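target19.cif (mmCIF, C-alpha atoms and all ligand atoms)
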```cif
data_structure
loop_
_atom_site.label_atom_id
_atom_site.label_comp_id
_atom_site.auth_asym_id
_atom_site.auth_seq_id
_atom_site.Cartn_x
_atom_site.Cartn_y
_atom_site.Cartn_z
CA MET R 836 -208.77 -193.05 -13.41
CA ARG R 837 -208.59 -189.32 -12.78
CA GLY R 838 -211.21 -186.79 -13.84
CA LYS R 839 -210.19 -186.58 -17.49
CA GLN R 840 -211.25 -189.35 -19.86
CA LYS R 841 -208.14 -191.28 -20.76
CA GLY R 842 -207.17 -192.06 -24.32
CA ILE R 843 -208.91 -189.84 -26.82
CA GLU R 844 -207.15 -186.52 -27.33
CA MET R 845 -209.13 -185.31 -30.33
CA SER R 846 -212.06 -186.45 -32.43
CA ARG R 847 -213.41 -185.44 -35.82
CA PHE R 848 -216.85 -185.31 -34.16
CA TRP R 849 -215.86 -182.55 -31.76
CA ASN R 850 -216.75 -179.04 -32.82
CA ARG R 851 -214.34 -176.14 -32.54
CA ARG R 852 -215.50 -175.23 -29.05
CA THR R 853 -215.07 -178.77 -27.71
CA ARG R 854 -211.63 -179.04 -29.26
CA ALA R 855 -210.49 -175.79 -27.68
CA LEU R 856 -211.56 -176.66 -24.13
CA ASP R 857 -209.05 -177.29 -21.37
CA PRO R 858 -211.29 -178.98 -18.78
CA TYR R 859 -210.85 -178.85 -15.01
CA VAL R 860 -209.48 -181.98 -13.38
CA PRO R 861 -211.06 -182.65 -9.97
CA GLY R 862 -209.16 -184.18 -7.07
CA GLU R 863 -208.90 -187.94 -7.01
CA GLN R 864 -211.87 -189.94 -5.63
CA PRO R 865 -210.23 -193.32 -5.10
CA ARG R 866 -212.38 -196.42 -5.48
CA GLU R 867 -210.08 -199.38 -4.96
CA ARG R 868 -208.10 -198.47 -1.90
CA ARG R 869 -209.03 -196.93 1.43
CA PHE R 870 -207.21 -193.65 1.87
CA ILE R 871 -207.36 -190.96 4.48
CA LYS R 872 -208.81 -188.39 2.11
CA LEU R 873 -207.35 -184.95 2.69
CA ASN R 874 -207.41 -183.92 -0.98
CA THR R 875 -210.80 -182.37 -1.85
CA ASN R 876 -211.72 -180.28 1.21
CA GLU R 877 -214.66 -182.42 2.22
CA ASN R 878 -215.85 -182.08 5.81
CA PRO R 879 -214.81 -185.04 7.98
CA TYR R 880 -218.00 -184.88 10.05
CA PRO R 881 -221.41 -186.18 8.93
CA PRO R 882 -224.15 -183.95 7.51
CA SER R 883 -226.87 -182.58 9.78
CA PRO R 884 -229.19 -185.39 10.95
CA ARG R 885 -232.06 -183.12 9.90
CA ALA R 886 -230.76 -183.07 6.33
CA LEU R 887 -230.62 -186.86 6.23
CA ALA R 888 -234.12 -187.13 7.67
CA ALA R 889 -235.36 -184.72 4.99
CA ILE R 890 -233.91 -186.95 2.26
CA ARG R 891 -235.66 -190.02 3.70
CA GLU R 892 -238.92 -188.14 3.82
CA ALA R 893 -238.55 -186.83 0.27
CA ALA R 894 -237.70 -190.31 -1.11
CA GLY R 895 -241.28 -191.32 -1.83
CA ASP R 896 -244.08 -191.20 -4.32
CA ALA R 897 -243.52 -187.49 -4.99
CA LEU R 898 -240.42 -188.39 -7.01
CA ARG R 899 -242.85 -188.98 -9.89
CA LEU R 900 -243.15 -185.23 -10.07
CA TYR R 901 -240.64 -182.67 -11.23
CA PRO R 902 -239.03 -180.64 -8.45
CA ASP R 903 -239.81 -176.96 -7.81
CA PRO R 904 -237.90 -175.13 -10.59
CA LEU R 905 -237.75 -172.00 -8.44
CA CYS R 906 -236.21 -173.85 -5.45
CA THR R 907 -238.57 -171.80 -3.26
CA ALA R 908 -238.22 -173.59 0.08
CA LEU R 909 -234.43 -173.69 -0.18
CA ARG R 910 -234.22 -170.03 -1.14
CA GLU R 911 -236.46 -169.12 1.79
CA ALA R 912 -234.25 -171.11 4.16
CA VAL R 913 -231.11 -169.39 2.84
CA ALA R 914 -232.84 -166.00 3.08
CA GLU R 915 -233.71 -166.57 6.71
CA THR R 916 -230.27 -167.83 7.73
CA TYR R 917 -228.38 -165.09 5.86
CA ARG R 918 -230.89 -162.30 6.61
CA VAL R 919 -231.65 -161.47 2.99
CA LYS R 920 -234.77 -161.76 0.82
CA PRO R 921 -235.61 -164.97 -1.10
CA GLU R 922 -235.50 -162.87 -4.31
CA GLN R 923 -231.83 -162.22 -3.52
CA VAL R 924 -230.98 -165.95 -3.59
CA PHE R 925 -230.22 -168.24 -6.52
CA ALA R 926 -229.70 -172.00 -6.02
CA GLY R 927 -227.81 -174.37 -8.28
CA ASN R 928 -226.27 -177.80 -8.67
CA GLY R 929 -223.13 -177.17 -6.64
CA SER R 930 -221.44 -173.80 -6.53
CA ASP R 931 -219.53 -174.87 -9.63
CA GLU R 932 -222.75 -174.62 -11.60
CA VAL R 933 -223.62 -171.30 -9.96
CA LEU R 934 -220.16 -169.99 -10.89
CA ALA R 935 -220.49 -171.27 -14.47
CA PHE R 936 -223.83 -169.49 -14.79
CA ALA R 937 -222.41 -166.31 -13.26
CA PHE R 938 -219.54 -166.24 -15.76
CA ALA R 939 -222.07 -166.71 -18.56
CA ALA R 940 -224.49 -164.11 -17.21
CA PHE R 941 -222.21 -161.23 -16.25
CA PHE R 942 -218.71 -161.40 -17.69
CA PRO R 943 -218.28 -159.97 -21.19
CA SER R 944 -217.31 -162.45 -23.87
CA ALA R 945 -214.88 -161.62 -26.63
CA GLN R 946 -217.78 -160.73 -28.93
CA ASP R 947 -219.24 -158.24 -26.48
CA GLY R 948 -216.97 -155.45 -27.69
CA THR R 949 -219.75 -154.24 -29.89
CA ILE R 950 -222.16 -153.66 -26.99
CA LYS R 951 -222.64 -149.94 -26.54
CA ASP R 952 -223.07 -149.58 -22.81
CA GLY R 953 -220.78 -146.65 -22.30
CA THR R 954 -218.19 -148.62 -20.38
CA ILE R 955 -216.64 -150.57 -23.21
CA LYS R 956 -215.55 -147.64 -25.35
CA ASP R 957 -212.52 -146.70 -23.24
CA SER R 958 -211.44 -150.33 -22.99
CA PRO R 959 -207.69 -150.98 -23.13
CA ILE R 960 -208.44 -153.64 -25.76
CA PRO R 961 -209.68 -151.82 -28.88
CA ASP R 962 -213.06 -153.06 -30.08
CA GLY R 963 -212.95 -155.92 -27.63
CA ALA R 964 -214.36 -156.82 -24.26
CA ARG R 965 -212.36 -155.78 -21.24
CA PRO R 966 -210.81 -158.81 -19.60
CA ILE R 967 -212.05 -160.05 -16.26
CA LEU R 968 -209.54 -160.24 -13.42
CA PHE R 969 -208.70 -163.01 -11.00
CA PRO R 970 -205.55 -164.04 -9.10
CA ASP R 971 -202.82 -166.09 -10.79
CA ILE R 972 -203.08 -168.61 -7.97
CA THR R 973 -206.73 -169.37 -7.27
CA TYR R 974 -209.51 -171.85 -7.91
CA SER R 975 -208.50 -173.50 -11.16
CA PHE R 976 -212.04 -173.69 -12.48
CA TYR R 977 -212.12 -169.90 -13.15
CA PRO R 978 -209.89 -170.02 -16.25
CA VAL R 979 -211.87 -173.05 -17.45
CA TYR R 980 -215.18 -171.16 -17.30
CA ALA R 981 -213.55 -168.17 -19.00
CA GLY R 982 -212.44 -170.55 -21.77
CA LEU R 983 -215.85 -172.20 -22.03
CA TRP R 984 -217.68 -168.89 -22.51
CA ASP R 985 -214.89 -167.19 -24.49
CA ILE R 986 -214.35 -164.52 -21.85
CA PRO R 987 -211.04 -162.65 -22.02
CA ALA R 988 -209.30 -162.92 -18.66
CA ARG R 989 -206.21 -161.43 -17.06
CA THR R 990 -204.56 -162.96 -14.02
CA ILE R 991 -203.15 -160.74 -11.28
CA PRO R 992 -200.16 -162.18 -9.39
CA LEU R 993 -200.60 -162.76 -5.68
CA THR R 994 -198.02 -160.91 -3.59
CA LYS R 995 -194.92 -162.74 -2.37
CA ASP R 996 -196.68 -163.97 0.75
CA PHE R 997 -199.63 -165.21 -1.35
CA SER R 998 -201.97 -162.34 -0.46
CA ILE R 999 -204.44 -160.71 -2.82
CA ASN R 1000 -203.54 -157.03 -3.06
CA ALA R 1001 -206.91 -155.31 -3.56
CA GLU R 1002 -205.27 -152.25 -5.16
CA ASP R 1003 -204.15 -154.40 -8.09
CA TYR R 1004 -207.83 -154.81 -8.94
CA LEU R 1005 -208.61 -151.11 -9.06
CA TYR R 1006 -208.55 -150.61 -12.80
CA PRO R 1007 -211.32 -150.92 -15.33
CA SER R 1008 -212.08 -154.55 -16.14
CA GLY R 1009 -214.88 -156.79 -17.34
CA GLY R 1010 -215.47 -157.95 -13.78
CA VAL R 1011 -213.60 -159.54 -10.91
CA ILE R 1012 -213.77 -162.91 -9.19
CA PHE R 1013 -211.85 -164.38 -6.29
CA PRO R 1014 -212.53 -166.75 -3.45
CA ASN R 1015 -212.45 -165.42 0.09
CA PRO R 1016 -210.53 -167.08 1.65
CA ASN R 1017 -208.55 -167.78 -1.47
CA ALA R 1018 -207.99 -171.36 -2.60
CA PRO R 1019 -205.64 -173.17 -2.51
CA THR R 1020 -203.76 -170.79 -0.19
CA GLY R 1021 -206.43 -170.43 2.52
CA ARG R 1022 -205.54 -166.77 3.02
CA ALA R 1023 -208.42 -164.35 3.60
CA LEU R 1024 -208.86 -160.85 2.24
CA PRO R 1025 -210.20 -158.26 4.71
CA LEU R 1026 -213.78 -157.21 4.03
CA ARG R 1027 -212.81 -153.55 3.54
CA ASP R 1028 -210.55 -154.59 0.65
CA ILE R 1029 -213.37 -156.52 -1.02
CA LEU R 1030 -215.66 -153.54 -0.67
CA SER R 1031 -213.00 -151.24 -2.13
CA VAL R 1032 -212.90 -153.46 -5.25
CA ALA R 1033 -216.71 -153.64 -5.49
CA GLY R 1034 -217.07 -149.90 -4.95
CA TYR R 1035 -214.34 -148.88 -7.39
CA GLN R 1036 -215.93 -146.56 -9.94
CA GLY R 1037 -214.23 -148.27 -12.88
CA ASN R 1038 -216.13 -151.41 -11.87
CA ALA R 1039 -219.49 -149.70 -11.40
CA GLY R 1040 -221.16 -151.53 -14.28
CA ARG R 1041 -219.20 -154.74 -13.66
CA VAL R 1042 -219.91 -157.62 -11.35
CA VAL R 1043 -217.55 -158.53 -8.53
CA ILE R 1044 -218.00 -162.14 -7.45
CA VAL R 1045 -216.77 -163.28 -4.06
CA ASP R 1046 -216.65 -167.06 -3.88
CA GLU R 1047 -217.25 -167.83 -0.20
CA ALA R 1048 -216.90 -171.62 -0.54
CA TYR R 1049 -214.75 -171.65 2.61
CA GLY R 1050 -216.24 -168.62 4.32
CA ALA R 1051 -217.64 -170.53 7.29
CA PHE R 1052 -214.20 -171.46 8.60
CA GLY R 1053 -213.29 -168.10 10.03
CA GLY R 1054 -213.54 -165.42 7.35
CA GLU R 1055 -215.71 -162.31 7.11
CA SER R 1056 -218.69 -162.70 4.78
CA ALA R 1057 -219.55 -159.98 2.29
CA VAL R 1058 -223.26 -160.97 2.33
CA PRO R 1059 -224.45 -158.09 4.57
CA HIS R 1060 -223.04 -155.65 2.00
CA ILE R 1061 -225.02 -156.77 -1.05
CA ARG R 1062 -227.55 -154.10 -0.03
CA ASP R 1063 -225.05 -151.30 -0.65
CA TYR R 1064 -223.20 -152.82 -3.60
CA PRO R 1065 -225.54 -153.75 -6.46
CA ASN R 1066 -222.65 -155.33 -8.38
CA LEU R 1067 -221.59 -157.66 -5.54
CA LEU R 1068 -222.47 -161.35 -5.83
CA THR R 1069 -221.45 -163.86 -3.18
CA VAL R 1070 -221.32 -167.58 -4.00
CA HIS R 1071 -221.69 -170.35 -1.42
CA THR R 1072 -221.61 -174.13 -1.29
CA LEU R 1073 -223.01 -176.87 0.90
CA SER R 1074 -220.05 -179.08 -0.03
CA LYS R 1075 -217.60 -177.93 2.64
CA ALA R 1076 -219.08 -176.37 5.78
CA ALA R 1077 -222.37 -178.31 5.43
CA SER R 1078 -220.72 -181.72 4.80
CA LEU R 1079 -222.84 -182.28 1.70
CA ALA R 1080 -220.36 -182.51 -1.19
CA GLY R 1081 -222.26 -185.57 -2.42
CA LEU R 1082 -225.55 -183.68 -2.66
CA ARG R 1083 -224.36 -180.99 -5.12
CA VAL R 1084 -225.96 -177.78 -3.88
CA GLY R 1085 -224.65 -174.24 -4.06
CA PHE R 1086 -226.22 -170.81 -4.03
CA ALA R 1087 -225.54 -167.17 -4.76
CA ILE R 1088 -226.67 -164.07 -2.89
CA GLY R 1089 -226.95 -160.66 -4.51
CA GLN R 1090 -229.42 -158.01 -5.55
CA GLU R 1091 -232.42 -159.14 -7.52
CA GLU R 1092 -231.15 -157.97 -10.91
CA LEU R 1093 -228.12 -160.24 -10.55
CA ILE R 1094 -230.26 -163.16 -9.39
CA GLN R 1095 -232.59 -162.67 -12.37
CA GLY R 1096 -229.56 -162.73 -14.67
CA LEU R 1097 -228.59 -166.14 -13.27
CA CYS R 1098 -232.17 -167.38 -13.71
CA ARG R 1099 -232.09 -166.36 -17.39
CA ILE R 1100 -229.00 -168.51 -17.96
CA ARG R 1101 -230.39 -171.45 -15.97
CA ASP R 1102 -233.72 -171.32 -17.77
CA SER R 1103 -231.90 -171.40 -21.10
CA PHE R 1104 -230.07 -174.55 -20.03
CA ASN R 1105 -232.04 -176.79 -17.62
CA SER R 1106 -235.17 -175.85 -15.68
CA TYR R 1107 -234.55 -178.38 -12.90
CA THR R 1108 -230.95 -178.22 -11.80
CA LEU R 1109 -231.76 -179.42 -8.27
CA ASP R 1110 -233.70 -182.61 -7.61
CA ARG R 1111 -236.32 -183.14 -4.90
CA LEU R 1112 -233.92 -184.93 -2.53
CA ALA R 1113 -231.29 -182.23 -2.84
CA LEU R 1114 -233.80 -179.43 -2.34
CA ALA R 1115 -235.25 -181.01 0.79
CA ALA R 1116 -231.89 -181.84 2.37
CA ALA R 1117 -230.35 -178.49 1.51
CA ALA R 1118 -233.20 -176.49 3.07
CA ALA R 1119 -232.90 -178.54 6.27
CA ALA R 1120 -229.11 -178.19 6.33
CA VAL R 1121 -229.09 -174.43 5.78
CA SER R 1122 -231.44 -174.02 8.76
CA ASP R 1123 -229.43 -176.22 11.12
CA THR R 1124 -226.85 -173.59 12.02
CA ALA R 1125 -226.32 -174.89 15.58
CA TYR R 1126 -225.14 -178.30 14.36
CA TYR R 1127 -222.84 -176.86 11.74
CA ASN R 1128 -221.34 -174.24 14.03
CA GLU R 1129 -220.36 -177.03 16.35
CA ILE R 1130 -218.68 -179.31 13.80
CA ASN R 1131 -216.95 -176.43 12.05
CA GLN R 1132 -215.54 -175.07 15.31
CA ARG R 1133 -213.99 -178.53 15.67
CA VAL R 1134 -212.49 -178.30 12.18
CA ILE R 1135 -211.06 -174.86 13.02
CA ALA R 1136 -209.56 -176.10 16.31
CA THR R 1137 -207.96 -179.08 14.53
CA ARG R 1138 -206.61 -176.80 11.81
CA GLU R 1139 -204.90 -174.56 14.35
CA ARG R 1140 -203.45 -177.50 16.26
CA VAL R 1141 -202.07 -179.14 13.10
CA ALA R 1142 -200.70 -175.84 11.76
CA GLY R 1143 -198.91 -175.27 15.08
CA ARG R 1144 -197.37 -178.75 15.07
CA LEU R 1145 -196.17 -178.40 11.47
CA ARG R 1146 -194.60 -175.00 12.17
CA GLU R 1147 -192.76 -176.46 15.15
CA ARG R 1148 -191.37 -179.07 12.78
CA GLY R 1149 -190.08 -176.39 10.41
CA PHE R 1150 -192.85 -176.43 7.79
CA GLU R 1151 -194.07 -173.20 6.25
CA VAL R 1152 -197.84 -173.01 6.80
CA ILE R 1153 -199.77 -170.18 5.15
CA PRO R 1154 -202.24 -168.67 7.67
CA SER R 1155 -205.60 -170.23 6.82
CA THR R 1156 -209.22 -169.35 7.45
CA ALA R 1157 -210.39 -172.34 5.40
CA ASN R 1158 -210.85 -176.06 6.10
CA PHE R 1159 -207.44 -176.77 4.59
CA ILE R 1160 -203.86 -175.63 5.00
CA PHE R 1161 -201.26 -174.87 2.35
CA ILE R 1162 -197.85 -176.09 3.43
CA ARG R 1163 -194.28 -176.44 2.26
CA HIS R 1164 -191.21 -178.13 3.66
CA PRO R 1165 -188.00 -176.05 3.55
CA ARG R 1166 -185.96 -178.87 1.98
CA LEU R 1167 -188.23 -181.58 0.56
CA SER R 1168 -190.04 -181.12 -2.73
CA GLY R 1169 -193.82 -181.13 -2.89
CA ALA R 1170 -193.72 -184.12 -5.25
CA GLU R 1171 -191.63 -186.15 -2.78
CA ILE R 1172 -193.88 -185.51 0.19
CA PHE R 1173 -197.00 -186.08 -1.89
CA ALA R 1174 -195.70 -189.46 -3.07
CA ALA R 1175 -194.61 -190.54 0.43
CA LEU R 1176 -198.00 -189.65 1.90
CA ARG R 1177 -199.84 -191.45 -0.89
CA GLU R 1178 -197.69 -194.52 -0.46
CA GLN R 1179 -198.77 -194.62 3.18
CA GLY R 1180 -202.46 -194.17 2.44
CA ILE R 1181 -202.91 -190.40 2.76
CA LEU R 1182 -204.19 -188.34 -0.15
CA VAL R 1183 -203.50 -184.61 -0.30
CA ARG R 1184 -203.64 -182.21 -3.26
CA ARG R 1185 -200.70 -180.83 -5.17
CA PHE R 1186 -200.89 -178.40 -8.09
CA ASP R 1187 -198.05 -178.72 -10.58
CA LYS R 1188 -197.98 -175.02 -11.37
CA PRO R 1189 -195.38 -172.25 -11.16
CA ARG R 1190 -194.81 -170.83 -7.62
CA ILE R 1191 -196.84 -173.54 -5.89
CA ARG R 1192 -195.49 -176.89 -7.04
CA ASP R 1193 -193.65 -177.42 -3.76
CA TYR R 1194 -196.75 -176.74 -1.69
CA LEU R 1195 -199.37 -179.24 -0.63
CA ARG R 1196 -202.97 -178.43 0.13
CA VAL R 1197 -204.09 -180.53 3.04
CA SER R 1198 -207.78 -180.69 3.96
CA ILE R 1199 -208.53 -180.81 7.67
CA GLY R 1200 -209.83 -184.22 8.73
CA THR R 1201 -210.78 -185.56 12.14
CA ASP R 1202 -208.23 -185.30 14.95
CA GLU R 1203 -207.39 -189.00 14.52
CA GLU R 1204 -206.84 -188.62 10.77
CA MET R 1205 -204.67 -185.57 11.28
CA ASP R 1206 -202.60 -187.35 13.92
CA GLU R 1207 -201.85 -190.07 11.37
CA PHE R 1208 -201.02 -187.44 8.81
CA LEU R 1209 -198.68 -185.67 11.26
CA ALA R 1210 -196.96 -188.92 12.22
CA ILE R 1211 -196.24 -189.74 8.57
CA ILE R 1212 -195.28 -186.29 7.36
CA THR R 1213 -192.95 -185.57 10.26
CA GLU R 1214 -191.24 -188.95 9.62
CA GLN R 1215 -190.17 -187.62 6.22
CA GLN R 1216 -187.70 -185.12 7.61
N1 LIG H 1301 -215.20 -172.60 -5.21
C1 LIG H 1301 -214.04 -172.99 -4.66
C2 LIG H 1301 -213.04 -171.96 -4.30
C3 LIG H 1301 -213.79 -174.36 -4.46
O1 LIG H 1301 -212.62 -174.75 -3.94
C4 LIG H 1301 -214.78 -175.30 -4.81
C5 LIG H 1301 -214.55 -176.78 -4.57
N2 LIG H 1301 -213.80 -177.43 -5.52
C6 LIG H 1301 -215.96 -174.84 -5.39
C7 LIG H 1301 -216.15 -173.48 -5.56
C8 LIG H 1301 -217.02 -175.78 -5.90
O2 LIG H 1301 -217.72 -176.40 -4.92
P1 LIG H 1301 -219.07 -177.20 -5.22
O3 LIG H 1301 -219.26 -177.26 -6.70
O4 LIG H 1301 -218.85 -178.54 -4.61
O5 LIG H 1301 -220.15 -176.42 -4.56
#
```

Now that the file is in, can you turn its structure into structure tokens?
Amino acid sequence: MRGKQKGIEMSRFWNRRTRALDPYVPGEQPRERRFIKLNTNENPYPPSPRALAAIREAAGDALRLYPDPLCTALREAVAETYRVKPEQVFAGNGSDEVLAFAFAAFFPSAQDGTIKDGTIKDSPIPDGARPILFPDITYSFYPVYAGLWDIPARTIPLTKDFSINAEDYLYPSGGVIFPNPNAPTGRALPLRDILSVAGYQGNAGRVVIVDEAYGAFGGESAVPHIRDYPNLLTVHTLSKAASLAGLRVGFAIGQEELIQGLCRIRDSFNSYTLDRLALAAAAAAVSDTAYYNEINQRVIATRERVAGRLRERGFEVIPSTANFIFIRHPRLSGAEIFAALREQGILVRRFDKPRIRDYLRVSIGTDEEMDEFLAIITEQQ
């Protein structure tokens, strides 16, 4: 079964909000059959041995007690690694939760048109909140969060080559969010473009969120610039670069007033979003930069090798600074290649959406896994 519950489409018990939702569908996590899993951007290498040791140590009598609601040790570890202050760090149950809280905390909902903060009155939508902006092709959870919190949103088309054109974001909005590098394309936006969006005067009172889920695979992080841009929030995850998708830890970095906004949402929802095992492992992982640099350099080297081989075989491969590639065959449809790979035990991700339905997003696995993938995909031609 996929992410959505099968069967029930509507229920008289669901309130209006629940009826209106259009939930996100995560990539398949197969249970019955062994696949080479290249569909959810997990890291093929194991987590830091220090993180695993920390879990074993934390799995004891102390589990009787609630965890630290402030996530102090983890926030201190993040602060040290990223050279910021612990007060500039917020931790949550996966970056999905951090993103959901950020949408709730900062982006204006449809009812916010009545707020008199001086920036709403010249809104292009009379008496309404200005819409937030994100790319038409991006992480598909963003429109879901906008729907959940009733936040008006406007999508901005990527350019023909699937780039984000920063200038398209230079008009007054309710806020901006995009991943850097973008997903599922893998294309990065230069730091100067991000800063131009964050520094744009029309966005002065609005938050610009840069989702750096894949930032460790070659992109430029905006973290050092939170000092100069009070409206800039970066969001990070331990699911990809830190090989800990199963632990569910993410965090945000920004100035203290943004972090406090996230805390207000969290503390109106669930005081303990991270358990003791997750907190201990995450703090150890965030500090083990040497281990992670090594495994992620391997992922990057494999990515470049696979991209080169696919291009030689005539595939279009979007330049990627992520742990996945976005590819298309000049003649075969995305659906055909997806089905052929699945048939032979390889799972990749395909989005049945305009402009990208013939593309496949392929996570970078080990060299052996990618060799199998290459053997099967090049057989298709
Ligand atoms: N942002 C982006 C762009 C992603 O692709 C993902 C992974 N699906 C996430 C955030 C969420 O990651 P997690 O909740 O595992 O931290």

Margin query: Give me the residues near stretch 917-919 of chain R as JSON, numbers by chain, where near means some atom within 9 Å (using all atoms listed in the file) and where sequence neighbours in that chain fewer than 4 positions away do not count.
Written below: {"R": [912, 913, 923, 924, 1058, 1059, 1062, 1088, 1089]}

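Taking atom CA of R:Arg891 and atom CA of R:Asn1128 as the two end points, the separation is 23.7 Å.
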
Next item on the list: Could you give me, as a ChimeraX atom specification, every polymer residue with an atom at most 9 Å away from an atom of ligand LIG 1301 (chain H), counting only C-alpha atoms and all ligand atoms?
Entry: /R:861-862,875-877,927-934,973-977,1013-1019,1046-1049,1070-1075,1079-1086

Notebook entry, point to check: Expressed in Å to a single decimal, how great is the separation between atom CA of R:Gly1021 and atom CA of R:Leu1114?
Noted result: 29.2 Å

Check: Using all atoms listed in the file, can you list as JSON, numbers by chain the residues within 12 Å of (-212.6, -170.3, -16.8)?
Finding: {"R": [856, 857, 858, 859, 931, 934, 935, 936, 937, 938, 939, 942, 944, 966, 967, 968, 969, 973, 974, 975, 976, 977, 978, 979, 980, 981, 982, 983, 984, 985, 986, 987, 988, 989, 990, 1012]}

Could you write out as AutoDock Vina command-line options the box around stretch 975-987 of chain R (axis-aligned, all atoms listed in the file, 6 Å on each side), with centre and edge lengths in Å to one decimal?
```
--center_x -213.1 --center_y -168.2 --center_z -17.8 --size_x 21.2 --size_y 23.0 --size_z 25.3
```

Notebook entry, point to check: Using all atoms listed in the file, which of the listed residues (R:Pro943, R:Ile1191, R:Thr1213, R:Thr1201) sits closest to R:Lys995?
Noted result: R:Ile1191

Write out as a compact mmCIF listing (two decimals) with C-alpha atoms, keeping the file's coordinate frame each polymer residue whose atoms come within 9 Å of R:Leu898, counting all atoms listed in the file; drop sequence neighbours fewer than 4 positions from it.
```
# COMPACT_ATOMS: atom_id res chain seq x y z
CA ALA R 893 -238.55 -186.83 0.27
CA ALA R 894 -237.70 -190.31 -1.11
CA PRO R 902 -239.03 -180.64 -8.45
CA ASP R 1110 -233.70 -182.61 -7.61
CA ARG R 1111 -236.32 -183.14 -4.90
CA LEU R 1112 -233.92 -184.93 -2.53
```

Check: Which of these residues is nearest to R:Phe997, using all atoms listed in the file: R:Ile1153, R:Pro921, R:Pro1065, R:Asn1105?
Finding: R:Ile1153

Notebook entry, point to check: Of the candidates R:Glu892, R:Asp971, R:Glu922, R:Glu844, which one gets nearest to R:Glu1091 if we count all atoms listed in the file?
Noted result: R:Glu922

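The spacing separating atom CA of R:Ile1130 from atom CA of R:Ile871 amounts to 18.7 Å.
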
I'd like the neighbourhood of R:Glu1055 as a short mmCIF file (atom, residue, chain, number, x, y, z; two decimals) with C-alpha atoms, keeping the file's coordinate frame, where a residue qualifies if any of its atoms comes within 9 Å (using only C-alpha atoms), though same-chain residues fewer than 4 positions away should be ignored.
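Resulting contents of result.cif:
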```
data_model
loop_
_atom_site.label_atom_id
_atom_site.label_comp_id
_atom_site.auth_asym_id
_atom_site.auth_seq_id
_atom_site.Cartn_x
_atom_site.Cartn_y
_atom_site.Cartn_z
CA ASN R 1015 -212.45 -165.42 0.09
CA PRO R 1016 -210.53 -167.08 1.65
CA ALA R 1023 -208.42 -164.35 3.60
CA LEU R 1024 -208.86 -160.85 2.24
CA PRO R 1025 -210.20 -158.26 4.71
CA LEU R 1026 -213.78 -157.21 4.03
CA GLY R 1050 -216.24 -168.62 4.32
CA ALA R 1051 -217.64 -170.53 7.29
#
```

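Considering the residues R:Val1134, R:Ile999, R:Ile1181, R:Ala1115 and counting all atoms listed in the file, R:Glu1207 has its shortest atom-to-atom contact with R:Ile1181.
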
Next item on the list: Mind checking which residues fall within 12 Å of R:Asp1102, counting all atoms listed in the file, ignoring those fewer than 5 positions away in the same chain, and posting them as a ChimeraX atom specification?
Entry: /R:904-905,927,936,940,1095-1097,1107-1108

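With distances restricted to all atoms listed in the file, R:Ile1135 is the closest residue to R:Ala1076 from R:Ala1033, R:Ile1212, R:Ala1119, R:Ile1135.
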